[in-house]
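A.B. asks: The file below is coords04.cif, mmCIF, C-alpha atoms:
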```cif
data_input
#
loop_
_atom_site.group_PDB
_atom_site.id
_atom_site.type_symbol
_atom_site.label_atom_id
_atom_site.label_comp_id
_atom_site.auth_asym_id
_atom_site.auth_seq_id
_atom_site.Cartn_x
_atom_site.Cartn_y
_atom_site.Cartn_z
ATOM 1 C CA MET A 35 18.551 -34.006 -21.211
ATOM 2 C CA THR A 36 18.612 -30.887 -19.035
ATOM 3 C CA THR A 37 20.404 -30.698 -15.741
ATOM 4 C CA ARG A 38 18.900 -29.118 -12.667
ATOM 5 C CA ALA A 39 20.467 -27.643 -9.575
ATOM 6 C CA ARG A 40 20.610 -30.250 -6.855
ATOM 7 C CA GLY A 41 17.714 -30.008 -4.391
ATOM 8 C CA ARG A 42 15.423 -27.903 -6.575
ATOM 9 C CA THR A 43 12.297 -28.828 -8.430
ATOM 10 C CA PRO A 44 10.652 -26.886 -11.262
ATOM 11 C CA SER A 45 7.908 -25.714 -8.913
ATOM 12 C CA ASP A 46 10.473 -24.147 -6.545
ATOM 13 C CA ASP A 47 11.029 -21.282 -8.964
ATOM 14 C CA HIS A 48 7.436 -20.151 -8.540
ATOM 15 C CA SER A 49 6.780 -21.029 -4.902
ATOM 16 C CA GLY A 50 8.028 -17.855 -3.254
ATOM 17 C CA PHE A 51 9.776 -19.856 -0.544
ATOM 18 C CA VAL A 52 13.518 -20.377 -0.631
ATOM 19 C CA LYS A 53 15.023 -23.781 -0.096
ATOM 20 C CA ILE A 54 18.625 -24.260 0.822
ATOM 21 C CA LYS A 55 20.675 -26.926 -0.916
ATOM 22 C CA GLN A 56 20.347 -30.527 0.141
ATOM 23 C CA ARG A 57 22.518 -31.680 3.009
ATOM 24 C CA GLU A 58 23.699 -35.138 3.792
ATOM 25 C CA THR A 59 22.438 -36.359 7.153
ATOM 26 C CA ARG A 60 25.100 -38.315 8.941
ATOM 27 C CA GLU A 61 22.882 -40.715 10.869
ATOM 28 C CA ALA A 62 20.766 -42.081 8.053
ATOM 29 C CA GLY A 63 23.077 -41.260 5.194
ATOM 30 C CA ASP A 64 20.196 -40.043 3.020
ATOM 31 C CA ALA A 65 19.781 -36.610 1.417
ATOM 32 C CA ARG A 66 17.090 -34.360 2.903
ATOM 33 C CA VAL A 67 15.850 -30.883 2.000
ATOM 34 C CA THR A 68 15.830 -28.439 4.904
ATOM 35 C CA LEU A 69 14.353 -24.953 5.027
ATOM 36 C CA THR A 70 16.046 -21.924 6.481
ATOM 37 C CA GLU A 71 14.656 -20.472 9.699
ATOM 38 C CA LYS A 72 13.491 -17.346 7.870
ATOM 39 C CA THR A 73 11.629 -19.455 5.295
ATOM 40 C CA GLN A 74 9.962 -21.530 8.002
ATOM 41 C CA ARG A 75 8.769 -18.329 9.712
ATOM 42 C CA ALA A 76 7.469 -16.984 6.385
ATOM 43 C CA GLN A 77 5.541 -20.200 5.724
ATOM 44 C CA MET A 78 4.017 -20.118 9.216
ATOM 45 C CA GLU A 79 2.971 -16.445 8.846
ATOM 46 C CA TRP A 80 1.508 -17.213 5.424
ATOM 47 C CA ARG A 81 -0.574 -20.090 6.829
ATOM 48 C CA GLN A 82 -1.797 -17.943 9.745
ATOM 49 C CA GLY A 83 -2.657 -15.138 7.331
ATOM 50 C CA ARG A 84 -4.698 -17.522 5.197
ATOM 51 C CA ALA A 85 -6.589 -18.728 8.281
ATOM 52 C CA GLY A 86 -7.307 -15.111 9.262
ATOM 53 C CA GLN A 87 -8.562 -14.350 5.763
ATOM 54 C CA MET A 88 -10.894 -17.340 5.884
ATOM 55 C CA ARG A 89 -12.341 -16.105 9.223
ATOM 56 C CA LEU A 90 -12.901 -12.632 7.757
ATOM 57 C CA ARG A 91 -14.623 -14.081 4.678
ATOM 58 C CA GLU A 92 -16.933 -16.059 6.960
ATOM 59 C CA GLN A 93 -17.805 -12.861 8.855
ATOM 60 C CA LEU A 94 -18.656 -11.126 5.563
ATOM 61 C CA LYS A 95 -21.329 -13.742 4.867
ATOM 62 C CA GLU A 96 -23.214 -12.679 7.994
ATOM 63 C CA PRO A 97 -26.315 -10.719 6.881
ATOM 64 C CA SER A 98 -26.634 -8.653 10.082
ATOM 65 C CA LEU A 99 -23.417 -6.672 9.450
ATOM 66 C CA ALA A 100 -23.733 -2.898 9.218
ATOM 67 C CA GLY A 101 -22.329 -1.167 6.131
ATOM 68 C CA TRP A 102 -19.328 0.288 7.947
ATOM 69 C CA GLN A 103 -18.469 -3.122 9.453
ATOM 70 C CA ARG A 104 -18.651 -4.761 6.034
ATOM 71 C CA ARG A 105 -16.377 -2.077 4.524
ATOM 72 C CA LYS A 106 -13.887 -2.455 7.389
ATOM 73 C CA ILE A 107 -13.646 -6.236 6.865
ATOM 74 C CA GLU A 108 -13.315 -5.819 3.089
ATOM 75 C CA LEU A 109 -10.465 -3.340 3.629
ATOM 76 C CA LYS A 110 -8.685 -5.767 5.980
ATOM 77 C CA LEU A 111 -8.927 -8.456 3.309
ATOM 78 C CA LYS A 112 -7.738 -6.095 0.579
ATOM 79 C CA LEU A 113 -4.909 -4.380 2.462
ATOM 80 C CA GLY A 114 -3.619 -7.347 4.429
ATOM 81 C CA ALA A 115 -1.292 -7.032 7.398
ATOM 82 C CA ASP A 116 0.543 -3.996 6.034
ATOM 83 C CA GLY A 117 -2.415 -1.687 6.507
ATOM 84 C CA TRP A 118 -3.180 1.437 4.519
ATOM 85 C CA GLU A 119 -0.446 2.292 2.010
ATOM 86 C CA PRO A 120 -1.904 4.193 -0.964
ATOM 87 C CA GLU A 121 -0.409 3.615 -4.405
ATOM 88 C CA LYS A 122 -0.490 7.292 -5.275
ATOM 89 C CA LYS A 123 0.093 10.148 -2.850
ATOM 90 C CA ILE A 124 -1.120 13.645 -3.631
ATOM 91 C CA ALA A 125 0.000 17.092 -2.508
ATOM 92 C CA THR A 126 -1.546 18.877 0.444
ATOM 93 C CA SER A 127 -2.869 21.574 -1.871
ATOM 94 C CA SER A 128 -4.807 18.895 -3.772
ATOM 95 C CA MET A 129 -6.189 17.541 -0.508
ATOM 96 C CA GLU A 130 -7.374 21.030 0.388
ATOM 97 C CA LYS A 131 -9.050 21.329 -3.033
ATOM 98 C CA ILE A 132 -10.822 18.002 -2.496
ATOM 99 C CA ARG A 133 -12.118 19.139 0.897
ATOM 100 C CA LEU A 134 -13.214 22.515 -0.487
ATOM 101 C CA LEU A 135 -15.034 21.084 -3.515
ATOM 102 C CA ASN A 136 -16.850 18.499 -1.436
ATOM 103 C CA SER A 137 -17.875 20.969 1.261
ATOM 104 C CA GLU A 138 -19.079 23.638 -1.199
ATOM 105 C CA PHE A 139 -20.762 21.358 -3.766
ATOM 106 C CA PRO A 140 -21.435 17.976 -2.121
ATOM 107 C CA LYS A 141 -24.041 16.859 -4.667
ATOM 108 C CA GLU A 142 -21.843 17.588 -7.692
ATOM 109 C CA TRP A 143 -18.483 16.597 -6.222
ATOM 110 C CA THR A 144 -19.209 13.163 -4.806
ATOM 111 C CA ILE A 145 -16.486 10.793 -3.660
ATOM 112 C CA LYS A 146 -16.695 8.914 -6.945
ATOM 113 C CA HIS A 147 -16.434 12.092 -9.061
ATOM 114 C CA LEU A 148 -13.506 13.417 -6.971
ATOM 115 C CA SER A 149 -11.625 10.128 -7.289
ATOM 116 C CA GLU A 150 -12.032 10.182 -11.061
ATOM 117 C CA GLN A 151 -10.941 13.845 -11.333
ATOM 118 C CA PHE A 152 -7.868 13.518 -9.095
ATOM 119 C CA LYS A 153 -7.048 9.983 -10.347
ATOM 120 C CA ILE A 154 -6.904 8.438 -6.871
ATOM 121 C CA SER A 155 -8.937 5.674 -5.263
ATOM 122 C CA GLN A 156 -12.318 6.291 -3.675
ATOM 123 C CA GLU A 157 -10.882 5.046 -0.392
ATOM 124 C CA SER A 158 -8.204 7.768 -0.562
ATOM 125 C CA VAL A 159 -10.837 10.453 -1.131
ATOM 126 C CA ARG A 160 -12.946 9.095 1.725
ATOM 127 C CA ARG A 161 -9.941 9.213 4.076
ATOM 128 C CA ILE A 162 -8.992 12.737 2.970
ATOM 129 C CA LEU A 163 -12.527 13.982 3.619
ATOM 130 C CA LYS A 164 -12.638 12.231 6.973
ATOM 131 C CA SER A 165 -9.318 13.661 8.190
ATOM 132 C CA LYS A 166 -9.276 16.977 10.021
ATOM 133 C CA PHE A 167 -5.566 17.779 9.454
ATOM 134 C CA GLN A 168 -4.758 21.426 8.828
ATOM 135 C CA SER A 169 -1.117 22.457 8.345
ATOM 136 C CA SER A 170 -0.009 25.561 10.196
ATOM 137 C CA GLU A 171 0.500 28.811 8.274
ATOM 138 C CA GLU A 172 4.142 28.765 9.284
ATOM 139 C CA HIS A 173 4.638 25.327 7.765
ATOM 140 C CA THR A 174 2.758 26.323 4.603
ATOM 141 C CA GLU A 175 4.889 29.458 4.174
ATOM 142 C CA GLN A 176 8.074 27.459 4.692
ATOM 143 C CA ARG A 177 6.976 24.895 2.102
ATOM 144 C CA GLU A 178 6.123 27.657 -0.378
ATOM 145 C CA HIS A 179 9.517 29.308 0.207
ATOM 146 C CA GLN A 180 11.303 25.999 -0.453
ATOM 147 C CA ARG A 181 9.304 25.528 -3.645
ATOM 148 C CA LYS A 182 10.280 29.006 -4.910
ATOM 149 C CA LEU A 183 13.958 28.338 -4.142
ATOM 150 C CA LYS A 184 13.848 25.120 -6.156
ATOM 151 C CA ILE A 185 12.223 26.898 -9.100
ATOM 152 C CA ARG A 186 14.910 29.617 -9.050
ATOM 153 C CA ALA A 187 17.678 27.019 -8.881
ATOM 154 C CA PHE A 188 16.129 25.120 -11.785
ATOM 155 C CA LYS A 189 15.857 28.267 -13.912
ATOM 156 C CA ARG A 190 19.487 29.173 -13.110
ATOM 157 C CA SER A 191 20.704 25.708 -14.095
ATOM 158 C CA GLU A 192 18.610 25.899 -17.269
ATOM 159 C CA LYS A 193 20.231 29.244 -18.226
ATOM 160 C CA ASP A 194 23.729 27.935 -17.475
ATOM 161 C CA GLY A 195 23.112 24.855 -19.606
ATOM 162 C CA SER A 196 21.880 26.773 -22.651
ATOM 163 C CA LYS A 197 24.896 29.160 -22.885
#
```
Let me see whether you can do it: turn the structure in this file into structure tokens.
C.D. replies:
Amino acid sequence: MTTRARGRTPSDDHSGFVKIKQRETREAGDARVTLTEKTQRAQMEWRQGRAGQMRLREQLKEPSLAGWQRRKIELKLKLGADGWEPEKKIATSSMEKIRLLNSEFPKEWTIKHLSEQFKISQESVRRILKSKFQSSEEHTEQREHQRKLKIRAFKRSEKDGSK
């Protein structure tokens, strides 16, 4: 026979919600499981999030939605409350290459082809192409200077280590 921690059930390990140990209630004298305030808030937010997701799924079923509206709803469902947080971030030089390739050869370098080449999502490529950000020359020069300093320091440490 295996023993379990008091107040826990096997499903608690997988539930994602934390229960505190059982407490004795003085009035009734019976044991009762109570949830922490943080856990109660998390459960409430989870339920509200599920209700919001159900509403968005219902909106997706509407046939009169424009393509951009459909994509916006699908992104809300996919990204959740946290918003846009890409898994992989690329350098500004790569972003500039993406913009250049797409502007010079739009038929060859489609969003799909760019995402496969740079190994990022199509949504990332779409957002890069949509953005108008241009770093100043001063900032670019400073970044390049920092990069050169790091390379020199690395080469120096490599020489010192091999002697």
A.B. asks: Which residues, written as a VMD selection string, have at least one atom at most 10 Å from region 149-166 of chain A, with all atoms listed in the file counted and residues fewer than 3 positions away on the same chain left out?
C.D. replies: chain A and resid 109 118 to 124 126 128 to 134 136 to 137 143 to 146 169
A.B. asks: Using only C-alpha atoms for the distances, tell me which of A:Ala85, A:Leu113, A:Ala125, A:Ile107 is nearest to Thr174 (chain A).
C.D. replies: A:Ala125
A.B. asks: CA of Met88 (chain A) and CA of Glu108 (chain A), how far apart in Å?
C.D. replies: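 Distance between the two atoms: 12.1 Å.
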A.B. asks: Which of these residues is nearest to Gly83 (chain A), using only C-alpha atoms: A:Arg105, A:Arg177, A:Lys95, A:Lys110?
C.D. replies: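 Residue with the minimum atom-to-atom distance to Gly83 (chain A): A:Lys110.
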A.B. asks: At what distance in Å, to one decimal, does CA of Leu111 (chain A) lie from CA of Arg84 (chain A)?
C.D. replies: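 Going from CA of Arg84 (chain A) over to CA of Leu111 (chain A) covers 10.2 Å.
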A.B. asks: Could you jot down the CA of Lys72 (chain A) to CA of Leu90 (chain A) separation for me, Å, one decimal place?
C.D. replies: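 Separating CA of Lys72 (chain A) from CA of Leu90 (chain A) is a distance of 26.8 Å.
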A.B. asks: Would you compute, for all listed atoms of region 170-189 of chain A, the axis-aligned bounding box grown by 5 Å on each side, and then report its centre and edge lengths in Å rounded to one decimal, as JSON?
C.D. replies:
```
{"center_x": 8.8, "center_y": 27.3, "center_z": -1.9, "size_x": 27.7, "size_y": 14.7, "size_z": 34.1}
```
A.B. asks: With N, CA, C and O atoms as the target, complete region 80-103 of chain A and hand it back as a short mmCIF file (atom, residue, chain, number, x, y, z; two decimals), in the frame of the given file.
C.D. replies:
```cif
data_model
loop_
_atom_site.label_atom_id
_atom_site.label_comp_id
_atom_site.auth_asym_id
_atom_site.auth_seq_id
_atom_site.Cartn_x
_atom_site.Cartn_y
_atom_site.Cartn_z
N TRP A 80 2.38 -17.10 6.59
CA TRP A 80 1.51 -17.21 5.42
C TRP A 80 0.30 -18.08 5.77
O TRP A 80 -0.84 -17.74 5.46
N ARG A 81 0.54 -19.21 6.45
CA ARG A 81 -0.57 -20.09 6.83
C ARG A 81 -1.52 -19.39 7.80
O ARG A 81 -2.74 -19.50 7.69
N GLN A 82 -0.96 -18.66 8.79
CA GLN A 82 -1.80 -17.94 9.74
C GLN A 82 -2.59 -16.85 9.05
O GLN A 82 -3.75 -16.62 9.37
N GLY A 83 -1.96 -16.18 8.09
CA GLY A 83 -2.66 -15.14 7.33
C GLY A 83 -3.82 -15.71 6.55
O GLY A 83 -4.89 -15.11 6.48
N ARG A 84 -3.62 -16.87 5.95
CA ARG A 84 -4.70 -17.52 5.20
C ARG A 84 -5.85 -17.88 6.13
O ARG A 84 -7.00 -17.71 5.77
N ALA A 85 -5.53 -18.37 7.33
CA ALA A 85 -6.59 -18.73 8.28
C ALA A 85 -7.37 -17.48 8.69
O ALA A 85 -8.59 -17.50 8.79
N GLY A 86 -6.65 -16.37 8.91
CA GLY A 86 -7.31 -15.11 9.26
C GLY A 86 -8.21 -14.61 8.14
O GLY A 86 -9.31 -14.12 8.40
N GLN A 87 -7.75 -14.76 6.91
CA GLN A 87 -8.56 -14.35 5.76
C GLN A 87 -9.83 -15.18 5.67
O GLN A 87 -10.91 -14.65 5.37
N MET A 88 -9.72 -16.47 5.94
CA MET A 88 -10.89 -17.34 5.88
C MET A 88 -11.92 -16.91 6.94
O MET A 88 -13.11 -16.88 6.68
N ARG A 89 -11.43 -16.56 8.17
CA ARG A 89 -12.34 -16.10 9.22
C ARG A 89 -13.04 -14.81 8.80
O ARG A 89 -14.25 -14.66 9.02
N LEU A 90 -12.30 -13.89 8.19
CA LEU A 90 -12.90 -12.63 7.76
C LEU A 90 -13.94 -12.86 6.67
O LEU A 90 -15.00 -12.23 6.65
N ARG A 91 -13.65 -13.78 5.75
CA ARG A 91 -14.62 -14.08 4.68
C ARG A 91 -15.90 -14.68 5.25
O ARG A 91 -17.00 -14.41 4.76
N GLU A 92 -15.75 -15.49 6.30
CA GLU A 92 -16.93 -16.06 6.96
C GLU A 92 -17.77 -14.95 7.62
O GLU A 92 -18.99 -14.98 7.57
N GLN A 93 -17.09 -13.97 8.23
CA GLN A 93 -17.80 -12.86 8.86
C GLN A 93 -18.57 -12.04 7.82
O GLN A 93 -19.65 -11.53 8.09
N LEU A 94 -17.99 -11.90 6.62
CA LEU A 94 -18.66 -11.13 5.56
C LEU A 94 -19.98 -11.74 5.14
O LEU A 94 -20.89 -11.04 4.69
N LYS A 95 -20.10 -13.05 5.28
CA LYS A 95 -21.33 -13.74 4.87
C LYS A 95 -22.49 -13.47 5.81
O LYS A 95 -23.64 -13.71 5.47
N GLU A 96 -22.17 -12.94 7.00
CA GLU A 96 -23.21 -12.68 7.99
C GLU A 96 -24.11 -11.53 7.53
O GLU A 96 -23.63 -10.44 7.26
N PRO A 97 -25.42 -11.75 7.43
CA PRO A 97 -26.32 -10.72 6.88
C PRO A 97 -26.57 -9.55 7.83
O PRO A 97 -27.00 -8.49 7.40
N SER A 98 -26.31 -9.71 9.12
CA SER A 98 -26.63 -8.65 10.08
C SER A 98 -25.54 -7.58 10.20
O SER A 98 -25.66 -6.69 11.03
N LEU A 99 -24.50 -7.66 9.38
CA LEU A 99 -23.42 -6.67 9.45
C LEU A 99 -23.88 -5.31 8.95
O LEU A 99 -24.57 -5.20 7.95
N ALA A 100 -23.45 -4.27 9.66
CA ALA A 100 -23.73 -2.90 9.22
C ALA A 100 -22.79 -2.58 8.06
O ALA A 100 -21.78 -3.24 7.86
N GLY A 101 -23.12 -1.54 7.30
CA GLY A 101 -22.33 -1.17 6.13
C GLY A 101 -20.89 -0.84 6.47
O GLY A 101 -19.96 -1.25 5.78
N TRP A 102 -20.68 -0.09 7.57
CA TRP A 102 -19.33 0.29 7.95
C TRP A 102 -18.51 -0.92 8.39
O TRP A 102 -17.32 -1.00 8.13
N GLN A 103 -19.17 -1.91 9.03
CA GLN A 103 -18.47 -3.12 9.45
C GLN A 103 -18.05 -3.95 8.23
O GLN A 103 -16.94 -4.47 8.17
#
```
